[in-house]
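The data block below is work16.cif; it holds mmCIF, C-alpha atoms and all ligand atoms.
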data_query
loop_
_atom_site.label_atom_id
_atom_site.label_comp_id
_atom_site.auth_asym_id
_atom_site.auth_seq_id
_atom_site.Cartn_x
_atom_site.Cartn_y
_atom_site.Cartn_z
CA MET A 1 14.20 77.69 -40.88
CA LYS A 2 11.63 75.00 -41.53
CA TYR A 3 10.33 73.27 -38.40
CA LEU A 4 11.68 76.07 -36.20
CA ALA A 5 10.31 79.33 -37.62
CA GLU A 6 6.77 77.95 -37.58
CA PHE A 7 7.04 77.50 -33.84
CA SER A 8 7.96 81.15 -33.28
CA ASP A 9 5.16 82.69 -35.34
CA PRO A 10 4.15 85.97 -33.61
CA ALA A 11 0.52 85.85 -34.77
CA LEU A 12 0.04 82.33 -33.43
CA ALA A 13 1.88 83.28 -30.26
CA LYS A 14 -0.48 86.22 -29.74
CA ARG A 15 -3.46 83.91 -30.12
CA LEU A 16 -2.09 81.59 -27.47
CA VAL A 17 -1.27 84.50 -25.15
CA ASP A 18 -4.82 85.84 -25.59
CA GLN A 19 -6.23 82.40 -24.77
CA ILE A 20 -4.09 82.22 -21.65
CA HIS A 21 -5.35 85.66 -20.55
CA ALA A 22 -8.93 84.66 -21.25
CA THR A 23 -8.52 81.48 -19.17
CA VAL A 24 -6.74 82.78 -16.07
CA THR A 25 -8.84 84.16 -13.19
CA GLN A 26 -6.31 83.94 -10.33
CA PRO A 27 -2.56 83.72 -9.63
CA TRP A 28 -0.74 80.48 -10.43
CA ALA A 29 2.89 79.36 -10.13
CA MET A 30 4.21 76.72 -12.49
CA MET A 31 7.68 75.32 -12.99
CA GLU A 32 9.34 74.66 -16.33
CA VAL A 33 11.60 71.72 -15.56
CA CYS A 34 14.23 72.11 -18.23
CA GLY A 35 16.91 74.78 -18.59
CA GLY A 36 16.33 74.82 -22.36
CA GLN A 37 12.74 75.85 -21.68
CA THR A 38 13.97 78.51 -19.25
CA HIS A 39 16.14 80.00 -21.98
CA THR A 40 13.23 80.11 -24.43
CA ILE A 41 11.00 81.76 -21.82
CA VAL A 42 13.56 84.41 -20.86
CA ARG A 43 14.84 84.98 -24.38
CA HIS A 44 11.37 85.62 -25.79
CA GLY A 45 9.99 87.36 -22.74
CA ILE A 46 7.21 84.78 -22.46
CA ASP A 47 6.93 85.16 -18.68
CA GLN A 48 6.37 88.89 -19.17
CA LEU A 49 3.44 88.24 -21.50
CA LEU A 50 1.51 86.20 -18.95
CA PRO A 51 -1.34 87.57 -16.87
CA ASP A 52 -0.38 89.32 -13.64
CA GLY A 53 0.20 86.77 -10.92
CA VAL A 54 1.07 83.89 -13.25
CA GLU A 55 4.66 83.04 -12.43
CA MET A 56 7.15 80.81 -14.18
CA ILE A 57 9.47 79.21 -11.62
CA HIS A 58 12.70 78.04 -13.22
CA GLY A 59 13.42 74.42 -12.43
CA PRO A 60 16.57 72.39 -11.87
CA GLY A 61 16.71 70.84 -15.33
CA CYS A 62 20.15 72.07 -16.30
CA PRO A 63 22.54 69.11 -16.29
CA VAL A 64 25.69 71.14 -15.81
CA CYS A 65 24.15 73.13 -12.94
CA VAL A 66 23.10 70.15 -10.86
CA THR A 67 26.26 68.09 -11.27
CA PRO A 68 27.49 67.89 -7.67
CA LEU A 69 30.63 69.66 -6.61
CA GLU A 70 32.07 66.39 -5.39
CA ILE A 71 31.93 64.94 -8.91
CA ILE A 72 33.47 68.09 -10.38
CA ASP A 73 36.33 67.81 -7.88
CA LYS A 74 36.77 64.14 -8.77
CA ALA A 75 36.90 65.10 -12.45
CA LEU A 76 39.58 67.67 -11.66
CA GLU A 77 41.63 65.16 -9.73
CA ILE A 78 41.41 62.50 -12.44
CA ALA A 79 42.16 65.02 -15.20
CA SER A 80 45.33 66.16 -13.39
CA GLN A 81 46.81 62.67 -13.33
CA PRO A 82 49.62 61.86 -15.79
CA GLY A 83 48.72 59.44 -18.55
CA VAL A 84 45.05 60.48 -18.54
CA ILE A 85 43.13 62.00 -21.45
CA PHE A 86 40.07 63.58 -19.87
CA CYS A 87 37.22 64.18 -22.33
CA SER A 88 34.17 66.33 -21.78
CA PHE A 89 31.57 68.42 -23.52
CA GLY A 90 32.75 72.03 -23.61
CA ASP A 91 30.39 73.53 -21.08
CA MET A 92 31.86 71.52 -18.21
CA LEU A 93 35.30 73.11 -18.58
CA ARG A 94 34.38 76.36 -16.83
CA VAL A 95 32.24 74.87 -14.07
CA PRO A 96 33.93 75.81 -10.82
CA GLY A 97 35.06 73.05 -8.51
CA SER A 98 36.16 73.75 -4.95
CA GLY A 99 39.18 75.78 -6.11
CA ARG A 100 39.69 75.44 -9.85
CA ASP A 101 38.08 74.22 -13.06
CA LEU A 102 39.01 71.96 -15.98
CA PHE A 103 40.37 74.92 -17.95
CA ARG A 104 42.84 75.51 -15.13
CA ILE A 105 43.88 71.85 -15.24
CA LYS A 106 44.36 72.15 -19.00
CA SER A 107 46.43 75.33 -18.62
CA GLU A 108 48.59 73.53 -16.07
CA GLY A 109 49.40 70.80 -18.59
CA GLY A 110 46.57 68.31 -18.08
CA ASP A 111 45.33 66.56 -21.22
CA VAL A 112 41.75 67.83 -21.17
CA ARG A 113 39.89 67.59 -24.47
CA VAL A 114 36.52 68.83 -25.66
CA VAL A 115 34.64 66.18 -27.61
CA TYR A 116 31.26 66.23 -29.32
CA SER A 117 30.22 62.68 -28.55
CA PRO A 118 31.24 59.99 -26.06
CA LEU A 119 32.15 57.88 -29.08
CA ASP A 120 34.88 60.44 -29.87
CA ALA A 121 36.35 59.59 -26.48
CA LEU A 122 36.12 55.88 -27.24
CA ASN A 123 37.98 56.45 -30.50
CA LEU A 124 40.66 58.33 -28.58
CA ALA A 125 41.00 55.31 -26.29
CA ARG A 126 41.51 53.10 -29.34
CA GLU A 127 44.10 55.44 -30.80
CA ASN A 128 45.98 55.85 -27.49
CA PRO A 129 46.26 52.40 -25.95
CA ASP A 130 48.99 53.60 -23.58
CA LYS A 131 46.69 56.23 -22.02
CA GLN A 132 43.63 56.08 -19.81
CA VAL A 133 40.76 57.90 -21.54
CA VAL A 134 37.93 59.13 -19.33
CA PHE A 135 34.64 60.62 -20.52
CA PHE A 136 32.69 62.92 -18.20
CA GLY A 137 29.16 61.51 -18.49
CA ILE A 138 26.70 63.97 -16.98
CA GLY A 139 23.11 64.89 -17.66
CA PHE A 140 19.53 63.73 -17.63
CA GLU A 141 17.72 60.91 -19.38
CA THR A 142 18.61 62.59 -22.67
CA THR A 143 22.38 62.19 -22.55
CA ALA A 144 22.42 58.90 -20.66
CA PRO A 145 21.60 56.60 -23.63
CA PRO A 146 24.62 57.54 -25.78
CA ASN A 147 26.88 57.23 -22.75
CA ALA A 148 25.38 53.84 -21.97
CA MET A 149 25.90 52.81 -25.59
CA THR A 150 29.55 53.89 -25.46
CA VAL A 151 30.27 51.78 -22.39
CA TYR A 152 28.44 48.87 -24.01
CA GLN A 153 30.63 49.28 -27.11
CA ALA A 154 33.81 49.53 -25.03
CA LYS A 155 33.00 46.23 -23.35
CA LYS A 156 31.97 44.59 -26.60
CA LEU A 157 35.17 45.71 -28.37
CA GLY A 158 37.37 44.88 -25.38
CA ILE A 159 38.66 48.46 -25.03
CA GLU A 160 39.99 48.46 -21.49
CA ASN A 161 41.59 51.91 -21.28
CA PHE A 162 38.23 53.72 -21.46
CA SER A 163 36.09 54.67 -18.48
CA LEU A 164 33.11 56.88 -17.66
CA LEU A 165 32.87 59.35 -14.80
CA VAL A 166 29.12 59.14 -14.25
CA SER A 167 26.78 61.75 -12.86
CA HIS A 168 23.46 61.05 -14.51
CA VAL A 169 20.23 62.27 -12.96
CA ARG A 170 16.53 61.53 -13.47
CA VAL A 171 13.68 64.02 -13.60
CA PRO A 172 10.76 62.25 -11.82
CA PRO A 173 12.52 61.92 -8.43
CA ALA A 174 13.46 65.62 -8.68
CA ILE A 175 9.80 66.54 -9.21
CA GLU A 176 8.99 64.49 -6.14
CA ALA A 177 11.72 66.25 -4.10
CA ILE A 178 10.48 69.68 -5.20
CA MET A 179 6.91 68.85 -4.21
CA GLN A 180 8.06 67.57 -0.82
CA SER A 181 10.07 70.72 -0.07
CA PRO A 182 8.46 72.69 2.79
CA ASN A 183 8.84 75.93 0.80
CA CYS A 184 7.35 74.54 -2.39
CA ARG A 185 5.20 77.04 -4.33
CA VAL A 186 4.90 74.97 -7.50
CA GLN A 187 1.33 74.22 -8.57
CA ALA A 188 2.03 72.66 -11.97
CA PHE A 189 4.91 71.47 -14.16
CA LEU A 190 5.91 71.84 -17.77
CA ALA A 191 7.76 68.53 -18.14
CA ALA A 192 10.84 68.33 -20.36
CA GLY A 193 9.88 67.05 -23.82
CA HIS A 194 13.28 65.66 -24.75
CA VAL A 195 13.48 63.61 -21.54
CA CYS A 196 10.04 62.16 -22.30
CA SER A 197 11.06 61.41 -25.89
CA VAL A 198 13.50 58.91 -24.37
CA MET A 199 11.66 57.69 -21.28
CA GLY A 200 8.04 58.12 -22.34
CA VAL A 201 5.41 59.52 -20.01
CA GLU A 202 4.53 56.56 -17.84
CA GLU A 203 6.26 57.87 -14.69
CA TYR A 204 4.24 61.10 -14.60
CA PRO A 205 0.51 60.29 -14.09
CA GLU A 206 1.26 58.88 -10.65
CA LEU A 207 3.16 62.06 -9.69
CA ALA A 208 0.33 64.27 -10.99
CA GLU A 209 -2.16 62.30 -8.92
CA LYS A 210 -0.02 62.03 -5.78
CA TYR A 211 0.76 65.76 -5.58
CA LYS A 212 -2.42 67.02 -7.27
CA VAL A 213 -0.44 68.95 -9.90
CA PRO A 214 -1.02 69.16 -13.64
CA ILE A 215 2.01 67.95 -15.60
CA VAL A 216 2.16 68.93 -19.26
CA VAL A 217 4.91 67.50 -21.46
CA THR A 218 6.18 70.52 -23.37
CA GLY A 219 8.66 71.27 -26.15
CA PHE A 220 11.19 74.07 -26.46
CA GLU A 221 10.08 76.55 -29.09
CA PRO A 222 8.03 79.63 -28.10
CA LEU A 223 4.74 78.19 -29.35
CA ASP A 224 5.47 74.89 -27.59
CA ILE A 225 5.97 76.73 -24.32
CA LEU A 226 2.84 78.87 -24.74
CA ALA A 227 0.75 75.82 -25.67
CA GLY A 228 2.09 74.02 -22.59
CA ILE A 229 1.24 76.98 -20.36
CA LEU A 230 -2.25 77.21 -21.86
CA ARG A 231 -2.96 73.54 -21.23
CA THR A 232 -1.60 73.91 -17.71
CA VAL A 233 -3.72 76.93 -16.75
CA ILE A 234 -6.82 75.28 -18.21
CA GLN A 235 -6.25 72.34 -15.85
CA LEU A 236 -5.45 74.60 -12.89
CA GLU A 237 -8.56 76.70 -13.40
CA LYS A 238 -10.71 73.56 -13.60
CA GLY A 239 -9.08 72.02 -10.53
CA GLU A 240 -7.74 69.10 -12.59
CA HIS A 241 -4.34 67.42 -12.25
CA THR A 242 -3.57 65.01 -15.04
CA LEU A 243 -0.66 64.30 -17.36
CA GLU A 244 -0.98 65.79 -20.84
CA ASN A 245 1.37 65.37 -23.75
CA ALA A 246 1.61 68.68 -25.62
CA TYR A 247 4.71 67.60 -27.56
CA ARG A 248 3.34 64.74 -29.61
CA ARG A 249 5.52 65.50 -32.60
CA ALA A 250 8.49 64.21 -30.58
CA VAL A 251 7.14 62.23 -27.64
CA ARG A 252 5.50 58.86 -27.84
CA ASP A 253 3.84 57.61 -24.67
CA GLU A 254 6.21 54.66 -24.50
CA GLY A 255 9.32 56.74 -25.27
CA ASN A 256 12.22 55.13 -27.09
CA PRO A 257 12.25 51.39 -26.25
CA ALA A 258 15.75 50.78 -27.67
CA ALA A 259 17.26 53.60 -25.60
CA LYS A 260 15.42 52.42 -22.49
CA ALA A 261 16.69 48.87 -23.01
CA MET A 262 20.26 50.15 -23.30
CA LEU A 263 19.86 52.19 -20.12
CA ALA A 264 18.45 49.20 -18.25
CA ASP A 265 21.38 47.04 -19.38
CA VAL A 266 24.23 49.42 -18.55
CA PHE A 267 22.95 51.52 -15.63
CA GLU A 268 21.18 50.99 -12.34
CA THR A 269 19.39 53.63 -10.30
CA THR A 270 21.10 55.08 -7.25
CA ASP A 271 20.74 57.92 -4.76
CA ARG A 272 22.35 61.02 -6.21
CA ALA A 273 23.27 64.42 -4.80
CA TRP A 274 22.17 67.44 -6.86
CA ARG A 275 24.34 70.52 -6.62
CA GLY A 276 22.57 73.19 -4.59
CA ILE A 277 19.71 70.86 -3.71
CA GLY A 278 21.19 67.89 -1.91
CA MET A 279 20.65 64.15 -1.95
CA ILE A 280 17.54 62.91 -3.77
CA PRO A 281 16.77 59.21 -3.31
CA GLN A 282 16.98 57.09 -6.46
CA SER A 283 17.45 60.19 -8.60
CA GLY A 284 20.55 59.06 -10.45
CA TRP A 285 22.15 56.34 -12.48
CA ARG A 286 25.48 54.60 -12.02
CA LEU A 287 27.07 51.81 -14.00
CA SER A 288 25.61 48.44 -13.10
CA GLU A 289 27.72 45.66 -11.63
CA ARG A 290 28.30 44.16 -15.09
CA TYR A 291 29.99 47.36 -16.27
CA ARG A 292 31.58 48.49 -12.99
CA GLU A 293 35.09 48.03 -14.40
CA TYR A 294 34.34 51.01 -16.69
CA ASP A 295 33.47 53.29 -13.77
CA ALA A 296 36.17 55.97 -13.47
CA GLU A 297 35.41 56.47 -9.77
CA TYR A 298 36.43 52.89 -9.07
CA ARG A 299 39.29 52.83 -11.53
CA PHE A 300 40.94 55.98 -10.12
CA GLN A 301 40.01 55.54 -6.46
CA VAL A 302 38.93 59.14 -5.93
CA ARG A 303 35.98 58.48 -3.72
CA ASP A 304 36.96 60.49 -0.62
CA ILE A 305 37.03 64.12 -1.62
CA LYS A 306 36.32 67.12 0.59
CA THR A 307 34.39 69.82 -1.20
CA GLU A 308 33.89 73.49 -0.48
CA GLU A 309 31.01 75.44 -2.02
CA SER A 310 31.20 79.18 -2.63
CA THR A 311 29.75 81.05 0.32
CA VAL A 312 28.39 83.71 -2.02
CA CYS A 313 26.62 81.62 -4.65
CA ARG A 314 22.87 81.09 -4.16
CA SER A 315 22.41 78.72 -7.08
CA GLY A 316 20.70 76.17 -4.83
CA GLU A 317 17.92 78.67 -4.19
CA VAL A 318 17.80 79.49 -7.91
CA LEU A 319 17.57 75.81 -8.83
CA GLN A 320 14.71 75.25 -6.40
CA GLY A 321 12.85 78.32 -7.62
CA HIS A 322 13.12 80.19 -4.32
CA ILE A 323 14.80 83.23 -5.87
CA LYS A 324 15.23 84.57 -9.37
CA PRO A 325 18.87 84.85 -10.54
CA HIS A 326 18.98 88.64 -10.41
CA GLU A 327 18.01 88.49 -6.73
CA CYS A 328 21.44 87.00 -5.95
CA GLU A 329 23.70 89.78 -4.67
CA ALA A 330 26.61 88.60 -6.85
CA PHE A 331 24.60 88.49 -10.08
CA GLY A 332 26.24 90.54 -12.82
CA THR A 333 28.88 91.94 -10.48
CA LEU A 334 31.05 89.33 -8.79
CA CYS A 335 29.47 86.63 -10.95
CA THR A 336 29.25 86.80 -14.75
CA PRO A 337 29.59 84.17 -17.48
CA ARG A 338 33.22 85.20 -17.79
CA ASN A 339 33.87 84.85 -14.06
CA PRO A 340 31.21 82.44 -12.84
CA LEU A 341 30.87 81.66 -9.16
CA GLY A 342 28.28 78.97 -9.72
CA ALA A 343 27.36 76.43 -12.38
CA THR A 344 24.06 78.17 -13.14
CA MET A 345 26.08 81.06 -14.59
CA VAL A 346 28.28 78.75 -16.69
CA SER A 347 25.95 76.45 -18.46
CA SER A 348 24.19 77.32 -21.68
CA GLU A 349 21.05 76.04 -19.93
CA GLY A 350 21.64 77.74 -16.57
CA ALA A 351 19.04 80.19 -15.29
CA CYS A 352 21.66 82.74 -14.14
CA ALA A 353 23.29 82.65 -17.58
CA ALA A 354 19.87 83.10 -19.22
CA TYR A 355 19.09 86.15 -17.10
CA TYR A 356 22.51 87.62 -17.86
CA LEU A 357 22.41 86.72 -21.54
CA TYR A 358 18.97 88.23 -22.11
CA ARG A 359 19.57 91.23 -19.86
CA ARG A 360 17.23 90.52 -17.00
CA LEU A 361 19.49 92.66 -14.89
CA GLN A 362 16.85 94.34 -12.80
CA THR A 363 13.92 93.34 -10.71
CA PRO A 364 11.02 93.74 -11.01
CA THR A 365 10.43 93.97 -14.75
CA PRO A 366 7.25 95.56 -16.09
CA ALA A 367 4.73 93.38 -17.89
CA PRO A 368 4.32 94.52 -21.49
CA THR A 369 0.83 94.73 -22.85
CA ALA A 370 1.34 93.98 -26.53
CA MET A 371 3.12 91.22 -28.39
CA GLY A 372 4.64 93.83 -30.68
CA ASP A 373 6.84 95.01 -27.80
CA ASN A 374 8.32 91.63 -27.19
CA SER A 375 11.29 89.67 -28.34
CA LEU A 376 9.10 87.02 -29.96
CA ALA A 377 8.99 89.56 -32.77
CA GLY A 378 12.72 90.14 -32.51
CA ALA A 379 12.66 93.07 -30.08
CA THR A 380 14.79 93.36 -26.96
CA SER A 381 14.01 92.60 -23.37
CA PRO A 382 12.45 95.53 -21.52
CA SER A 383 15.12 95.53 -18.84
CA ALA A 384 17.22 98.70 -18.93
CA THR A 385 20.95 98.32 -19.40
CA SER A 386 23.78 100.73 -20.03
CA PRO A 387 25.80 100.56 -23.27
CA ALA A 388 28.77 99.40 -21.22
CA ALA A 389 26.76 96.62 -19.67
CA SER A 390 25.51 95.70 -23.10
CA GLN A 391 29.03 95.46 -24.50
CA GLN A 392 30.16 93.38 -21.55
CA THR A 393 27.17 91.09 -21.98
CA SER A 394 27.97 90.61 -25.62
CA ALA A 395 31.56 89.64 -24.85
CA ASP A 396 30.46 87.22 -22.17
CA ASN A 397 27.87 85.70 -24.48
CA LYS A 398 30.55 84.82 -27.01
CA GLU A 399 32.42 83.03 -24.30
CA VAL A 400 29.34 81.09 -23.22
CA SER A 401 28.65 79.85 -26.71
CA SER A 402 32.30 79.09 -27.44
CA VAL A 403 32.36 76.44 -24.76
CA GLY A 404 28.77 75.24 -25.07
S1 LIG B 1 24.42 84.78 -10.02
FE1 LIG B 1 26.30 83.57 -9.76
S2 LIG B 1 26.68 83.56 -7.56
FE2 LIG B 1 24.53 84.15 -7.85
S3 LIG B 1 23.35 82.23 -7.79
FE3 LIG B 1 23.84 82.62 -9.93
S4 LIG B 1 25.73 81.45 -10.27
FE4 LIG B 1 25.53 81.68 -8.04
#
Entire entry expressed as structure tokens:
Amino acid sequence: MKYLAEFSDPALAKRLVDQIHATVTQPWAMMEVCGGQTHTIVRHGIDQLLPDGVEMIHGPGCPVCVTPLEIIDKALEIASQPGVIFCSFGDMLRVPGSGRDLFRIKSEGGDVRVVYSPLDALNLARENPDKQVVFFGIGFETTAPPNAMTVYQAKKLGIENFSLLVSHVRVPPAIEAIMQSPNCRVQAFLAAGHVCSVMGVEEYPELAEKYKVPIVVTGFEPLDILAGILRTVIQLEKGEHTLENAYRRAVRDEGNPAAKAMLADVFETTDRAWRGIGMIPQSGWRLSERYREYDAEYRFQVRDIKTEESTVCRSGEVLQGHIKPHECEAFGTLCTPRNPLGATMVSSEGACAAYYLYRRLQTPTPAPTAMGDNSLAGATSPSATSPAASQQTSADNKEVSSVG
């Protein structure tokens, strides 16, 4: 496919891998921020092509994974109320709350609907004036603008039976929280290209300087990731720590001014809890005072909810890069995409789902020596799996994509 195949070219990938090997003289640990980048890395075995000692730490940039349990439980409570049409993207339906998920609510008679855009939910509100229509607005700087636009439209059109359950989060405060963690091993970041395509890059030079870490804005295809890693290790080896934009085909320094203006109009920053990580100051958005009437939390008065996390799930450690998914005792046994215990196994961007999907079932995995052995050329991951495990994985994969 044009504009995608070019960015998976094995010969070019080998050149970049060779350059990375020629550059690196010592161990380094870098974090890819976004779950989409994690999936590319695991799917193509990119981490296994890197020099010994160069580690990719998987970051918290999966919107479904970091949506706090409290918000999930609020969604469940709102969705169970009569007269409510609760709309969401598909991957939120299997995310476990304290005791159930949105699928369970739907099976019990709740009107839970999968939509492909917040504007679909707004249309539903127009078509069902006797119902309250709620859209579950989660995600990073990428999904916030369309949600902001939808609330703006609702107000402009005078549609009063629409509201937004908001759990938007912002990347720069999360980078700050990761760097301030006492166990932090991260020495550099691959920043999320799609976030920067909206917000621009202006928040990052200060972070790079403050924490003395290179930050390289990176895309999502295999060559994007390898180019981002190469630029990062060049900086690390030279002792530099600046912001670089390695995704110029999508990211302008100033971002998208129209989207930023919409965000500034509809949202205001707020402290936000991240599932598995905890409260991060000023890391989220909520509806501003002007649009507060469209805030589902206020409309449905569900602000005092007691939550209960799984005692088994270690997704917080996964999200902070302290363990790899297959180091969780429940991985692939008690917890699979079909029966997820944590959000990182549900989401199409979750690290646990990526490890399960691409068969990283064992640890440690050997580092291959030639590109020809790797999935960039269409081969399989080197992790050993039984035929039964393979069949199970395939069935679970279908389920993941069917709700994604
Ligand atoms: S494998 Fe499952 S239980 Fe373990 S951290 Fe991941 S989501 Fe949680």
With distances taken over all atoms listed in the file, the candidate from A:Gly193, A:Pro214, A:Gly332, A:Pro222 nearest Gly45 (chain A) is A:Pro222
With the cut-off set at 12 Å and counting only C-alpha atoms, tabulate each residue of region 172-222 of chain A with an atom at most that distance from an atom of region 259-263 of chain A, showing the nearest atom pair and its distance in Å to one decimal, ordered by chain and increasing number, as a tab-separated table.
residue	atom	partner	partner_atom	distance
A:Val195	CA	A:Lys260	CA	11.4
A:Cys196	CA	A:Lys260	CA	11.1
A:Ser197	CA	A:Ala259	CA	10.0
A:Val198	CA	A:Ala259	CA	6.6
A:Met199	CA	A:Lys260	CA	6.6
A:Gly200	CA	A:Lys260	CA	9.3
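If only C-alpha atoms and all ligand atoms are the atoms counted, then among A:Ile175, A:Leu49, A:Val151, A:Leu361 the closest residue to ligand LIG 1 (chain B) is A:Leu361.
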Using CA of Thr344 (chain A) and CA of Thr40 (chain A) as the two end points, give the distance in Å to one decimal.
15.8 Å
Which chain A residues have any atom within 7 Å of an atom of ligand LIG 1 (chain B), and for each, what is the nearest pair of atoms with distance in Å to one decimal, counting only C-alpha atoms and all ligand atoms, rows sorted by chain and number, as a Markdown table?
| residue | atom | partner | partner_atom | distance |
| --- | --- | --- | --- | --- |
| A:Val312 | CA | B:LIG1 | S2 | 5.8 |
| A:Cys313 | CA | B:LIG1 | S2 | 3.5 |
| A:Arg314 | CA | B:LIG1 | S3 | 3.8 |
| A:Ser315 | CA | B:LIG1 | S3 | 3.7 |
| A:Val318 | CA | B:LIG1 | S3 | 6.2 |
| A:Pro325 | CA | B:LIG1 | FE3 | 5.5 |
| A:His326 | CA | B:LIG1 | S1 | 6.7 |
| A:Cys328 | CA | B:LIG1 | FE2 | 4.6 |
| A:Glu329 | CA | B:LIG1 | FE2 | 6.5 |
| A:Ala330 | CA | B:LIG1 | FE2 | 5.0 |
| A:Phe331 | CA | B:LIG1 | S1 | 3.7 |
| A:Gly332 | CA | B:LIG1 | S1 | 6.7 |
| A:Cys335 | CA | B:LIG1 | FE1 | 4.6 |
| A:Thr336 | CA | B:LIG1 | FE1 | 6.6 |
| A:Pro340 | CA | B:LIG1 | FE1 | 5.9 |
| A:Leu341 | CA | B:LIG1 | S2 | 4.9 |
| A:Gly342 | CA | B:LIG1 | S4 | 3.6 |
| A:Ala343 | CA | B:LIG1 | S4 | 5.7 |
| A:Thr344 | CA | B:LIG1 | S4 | 4.7 |
| A:Met345 | CA | B:LIG1 | S4 | 4.4 |
| A:Cys352 | CA | B:LIG1 | FE3 | 4.7 |
